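Visitor: To start, I am sharing the structure in question, which I have written as structure tokens.
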Amino acid sequence: MKKNINASLINMYHVCKREMWLHHQNVNMEQTSETVYEGKLIGETTYLQRPEKYTEIEISIDFEGIGLNAKIDFYDAKNKIVHEIKKSNKLENAHIAQVKFYLFLLEKNGIEGVSGVLEYPKLKQKHSIEPLKENDIIEIKNAIKAIQTILNQDFCPELVKKTYCKTCSYYDFCYINE
Ligand code: SF4
């Protein structure tokens, strides 16, 4: 069965496939970690007022029978730049993959040549992402297929220990017998 894929799943796929599977299964854990709280605060305070040049857009497309969905919070339509705001750059690979997913959806919607900027206001850092190249598109398509395979599994992917685990909402679930 083909599953819908959104930016959160893309992000989690690049962080932890087990987390992605659990999230998809609606295994919800209480999110009380300071990290999650701080992440929310950044969204609520730093960018409390969306500058006029940014538009919030929602995109849904059908890709080979798979529904792909995204809500882009800060799209600069004039300059064709997607801005994505994050708290920490520790999971930057996943952030980059998320922005590229947005660029892919925009491209599939006929808006080509869009670039991205990852912003880390707390760190006062920015990371530019160029418009998609052929190899980016291949990677995105491969990730979409791999995500489909994992989400269709009846079993939870194995625990792969990583430093990120300590801030993950599934930490207790994963480490109860460790
Ligand atoms: S605790 Fe670690 S292994 Fe478990 S879901 Fe979270 S990141 Fe993945």
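In the structure tokens, chains take letters A, B, ... by order of appearance, with residues numbered from 1 within each chain and ligands from 1 in the order shown.
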Pull the closest atom pair for each residue of chain A that gets at most 12 Å from ligand 1, along with the distance in Å to one decimal, counting only C-alpha atoms and all ligand atoms, ordering rows by chain and then ascending residue number, as CSV.
Guide:
residue,atom,partner,partner_atom_place_in_ligand_line,distance
A:Asn11,CA,ligand 1,7 (S),12.0
A:Met12,CA,ligand 1,7 (S),8.8
A:Tyr13,CA,ligand 1,8 (Fe),10.0
A:His14,CA,ligand 1,7 (S),10.5
A:Val15,CA,ligand 1,7 (S),7.0
A:Cys16,CA,ligand 1,8 (Fe),4.8
A:Lys17,CA,ligand 1,8 (Fe),6.8
A:Arg18,CA,ligand 1,5 (S),5.0
A:Glu19,CA,ligand 1,5 (S),3.7
A:Met20,CA,ligand 1,5 (S),7.4
A:Trp21,CA,ligand 1,5 (S),8.5
A:Leu22,CA,ligand 1,5 (S),7.2
A:His23,CA,ligand 1,5 (S),8.7
A:His24,CA,ligand 1,5 (S),11.6
A:Val27,CA,ligand 1,5 (S),10.5
A:Asn28,CA,ligand 1,5 (S),11.3
A:Met29,CA,ligand 1,5 (S),10.7
A:Leu91,CA,ligand 1,7 (S),11.5
A:Cys156,CA,ligand 1,5 (S),9.6
A:Pro157,CA,ligand 1,3 (S),8.8
A:Glu158,CA,ligand 1,3 (S),7.6
A:Leu159,CA,ligand 1,3 (S),4.5
A:Val160,CA,ligand 1,3 (S),5.1
A:Lys161,CA,ligand 1,3 (S),5.6
A:Lys162,CA,ligand 1,2 (Fe),6.1
A:Thr163,CA,ligand 1,2 (Fe),7.8
A:Tyr164,CA,ligand 1,7 (S),5.7
A:Cys165,CA,ligand 1,2 (Fe),3.6
A:Lys166,CA,ligand 1,1 (S),6.6
A:Thr167,CA,ligand 1,1 (S),7.7
A:Cys168,CA,ligand 1,6 (Fe),4.6
A:Ser169,CA,ligand 1,6 (Fe),6.5
A:Tyr170,CA,ligand 1,1 (S),4.8
A:Tyr171,CA,ligand 1,1 (S),3.8
A:Asp172,CA,ligand 1,1 (S),7.2
A:Phe173,CA,ligand 1,4 (Fe),7.1
A:Cys174,CA,ligand 1,4 (Fe),4.7
A:Tyr175,CA,ligand 1,1 (S),7.0
A:Ile176,CA,ligand 1,1 (S),10.2
A:Glu178,CA,ligand 1,1 (S),11.2
Visitor: Take the residues from that selection and write them out as a JSON list (two decimals), in the first residue's frame, keeping C-alpha atoms.
Guide:
[["chain", "number", "residue", "atom", "x", "y", "z"],
["A", 11, "ASN", "CA", 13.42, 14.64, 7.90],
["A", 12, "MET", "CA", 13.04, 11.60, 10.17],
["A", 13, "TYR", "CA", 14.21, 9.24, 7.43],
["A", 14, "HIS", "CA", 17.53, 11.06, 7.47],
["A", 15, "VAL", "CA", 17.73, 11.10, 11.28],
["A", 16, "CYS", "CA", 16.36, 7.73, 12.37],
["A", 17, "LYS", "CA", 14.32, 5.23, 10.37],
["A", 18, "ARG", "CA", 12.99, 3.70, 13.57],
["A", 19, "GLU", "CA", 11.65, 7.06, 14.71],
["A", 20, "MET", "CA", 10.05, 7.54, 11.31],
["A", 21, "TRP", "CA", 8.30, 4.16, 11.50],
["A", 22, "LEU", "CA", 7.10, 4.75, 15.09],
["A", 23, "HIS", "CA", 5.82, 8.20, 14.20],
["A", 24, "HIS", "CA", 3.94, 6.79, 11.23],
["A", 27, "VAL", "CA", 3.09, 5.77, 18.61],
["A", 28, "ASN", "CA", 2.92, 9.05, 20.50],
["A", 29, "MET", "CA", 5.15, 9.79, 23.43],
["A", 91, "LEU", "CA", 20.93, 17.45, 12.25],
["A", 156, "CYS", "CA", 9.83, -1.66, 13.88],
["A", 157, "PRO", "CA", 13.30, -1.01, 12.41],
["A", 158, "GLU", "CA", 16.10, -1.98, 14.77],
["A", 159, "LEU", "CA", 17.44, 0.44, 17.32],
["A", 160, "VAL", "CA", 20.60, 2.12, 16.07],
["A", 161, "LYS", "CA", 22.13, 4.04, 18.97],
["A", 162, "LYS", "CA", 23.07, 7.61, 18.24],
["A", 163, "THR", "CA", 23.74, 10.76, 20.26],
["A", 164, "TYR", "CA", 20.43, 12.21, 19.05],
["A", 165, "CYS", "CA", 18.56, 9.47, 20.98],
["A", 166, "LYS", "CA", 18.85, 11.38, 24.26],
["A", 167, "THR", "CA", 16.65, 14.16, 22.92],
["A", 168, "CYS", "CA", 14.23, 11.92, 21.03],
["A", 169, "SER", "CA", 10.68, 11.54, 22.35],
["A", 170, "TYR", "CA", 10.98, 7.75, 21.89],
["A", 171, "TYR", "CA", 14.03, 7.49, 24.12],
["A", 172, "ASP", "CA", 12.23, 5.70, 26.98],
["A", 173, "PHE", "CA", 10.50, 3.39, 24.53],
["A", 174, "CYS", "CA", 13.74, 2.44, 22.79],
["A", 175, "TYR", "CA", 16.01, 2.19, 25.80],
["A", 176, "ILE", "CA", 13.72, 0.54, 28.36],
["A", 178, "GLU", "CA", 19.07, -1.34, 27.31]]
Visitor: Could you give me, as a list of chain:residue names, the residues within 10 Å of Glu130 of chain A, counting only C-alpha atoms and dropping anything in the same chain fewer than 5 positions from it?
Guide: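 Counting only the stated atoms, we get A:Ile81, A:Lys100, A:Leu103, A:Gly113, A:Val114, A:Ser115, A:Gly116, A:Val117.
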Visitor: For the residues in the current selection, export N, CA and C atoms as a short mmCIF file (atom, residue, chain, number, x, y, z; two decimals), in the first residue's frame.
Guide:
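Below you can see out.cif, which holds the result:
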data_model
loop_
_atom_site.label_atom_id
_atom_site.label_comp_id
_atom_site.auth_asym_id
_atom_site.auth_seq_id
_atom_site.Cartn_x
_atom_site.Cartn_y
_atom_site.Cartn_z
N ILE A 81 13.11 31.65 -3.28
CA ILE A 81 13.93 31.05 -2.21
C ILE A 81 13.02 30.52 -1.10
N LYS A 100 15.34 20.26 0.34
CA LYS A 100 15.39 19.74 -1.04
C LYS A 100 14.06 19.09 -1.43
N LEU A 103 11.94 21.83 -2.53
CA LEU A 103 12.33 22.27 -3.87
C LEU A 103 11.80 21.29 -4.93
N GLY A 113 14.10 26.13 -10.57
CA GLY A 113 15.20 27.03 -10.22
C GLY A 113 15.07 27.65 -8.84
N VAL A 114 14.34 27.00 -7.95
CA VAL A 114 14.18 27.53 -6.58
C VAL A 114 15.38 27.08 -5.73
N SER A 115 15.90 27.99 -4.93
CA SER A 115 16.97 27.62 -4.02
C SER A 115 16.44 27.69 -2.58
N GLY A 116 17.30 27.35 -1.63
CA GLY A 116 16.87 27.32 -0.24
C GLY A 116 17.88 27.99 0.68
N VAL A 117 17.40 28.41 1.83
CA VAL A 117 18.30 28.91 2.88
C VAL A 117 17.85 28.31 4.20
#
Visitor: For Asn6 of chain A, please output as a ChimeraX atom specification all residues within 8 Å (counting only C-alpha atoms; exclusion window: fewer than 4 positions along the same chain).
Guide: /A:10,68-70
Visitor: Keeping only N, CA, C and O atoms, write those residues as a JSON list (two decimals), in the first residue's frame.
Guide:
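Now in result.json:
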[["chain", "number", "residue", "atom", "x", "y", "z"],
["A", 10, "ILE", "N", 10.39, 12.80, 5.69],
["A", 10, "ILE", "CA", 11.67, 12.94, 4.99],
["A", 10, "ILE", "C", 12.76, 13.28, 6.00],
["A", 10, "ILE", "O", 13.85, 12.69, 6.01],
["A", 68, "LEU", "N", 2.53, 13.31, -2.03],
["A", 68, "LEU", "CA", 3.61, 14.06, -1.37],
["A", 68, "LEU", "C", 3.04, 15.39, -0.92],
["A", 68, "LEU", "O", 2.44, 16.12, -1.71],
["A", 69, "ASN", "N", 3.23, 15.71, 0.36],
["A", 69, "ASN", "CA", 2.64, 16.93, 0.91],
["A", 69, "ASN", "C", 3.68, 17.73, 1.68],
["A", 69, "ASN", "O", 4.56, 17.16, 2.33],
["A", 70, "ALA", "N", 3.51, 19.05, 1.62],
["A", 70, "ALA", "CA", 4.41, 19.91, 2.41],
["A", 70, "ALA", "C", 3.74, 21.24, 2.68],
["A", 70, "ALA", "O", 2.95, 21.74, 1.88]]
Visitor: Find the distance between atom CA of Glu112 of chain A and atom CA of Phe74 of chain A and write it in Å to one decimal.
Guide: 17.1 Å
Visitor: Of the candidates A:Tyr75, A:Leu9, A:Lys2, A:Lys87, which shows the shortest atom-to-atom distance to Glu119 of chain A, using only C-alpha atoms?
Guide: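 So, comparing all the options, the nearest one is A:Lys87.
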Visitor: In Å, rounded to a single decimal, give me how far atom CA of Met1 of chain A is from atom CA of Ala143 of chain A.
Guide: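 Atom CA of Ala143 of chain A sits 16.6 Å away from atom CA of Met1 of chain A.
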Visitor: Could you tell me which of A:Ser8, A:Asn135, A:Asn109, A:Gln25 comes closest to Leu151 of chain A if we count only C-alpha atoms?
Guide: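 Counting only C-alpha atoms, the residue closest to Leu151 of chain A is A:Gln25.
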Visitor: Just how far from atom CA of Thr55 of chain A is atom CA of Ile111 of chain A, in Å to one decimal?
Guide: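 Separating atom CA of Ile111 of chain A from atom CA of Thr55 of chain A is a distance of 14.6 Å.
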Visitor: Of the residues A:Ile129, A:Ile150, A:Leu118, A:Ile5, which is the one nearest to Ser88 of chain A, using only C-alpha atoms?
Guide: A:Leu118
Visitor: Return the single residue from A:Asp62, A:Glu52, A:Asp154, A:Glu84 that is closest to Lys126 of chain A, with distances computed using only C-alpha atoms.
Guide: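 Smallest distance to Lys126 of chain A is found for A:Glu84.
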Visitor: Compare A:Ile59, A:Ile66, A:Asn4, A:Asn177 by their minimum atom-to-atom distance to Gly110 of chain A, counting only C-alpha atoms, and give me the closest one.
Guide: A:Ile59
Visitor: With only C-alpha atoms as the atoms that count, which of A:Tyr120, A:Ala97, A:Lys108, A:Asp136 lies nearest to Glu64 of chain A?
Guide: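 Closest to Glu64 of chain A of all the choices is A:Lys108.
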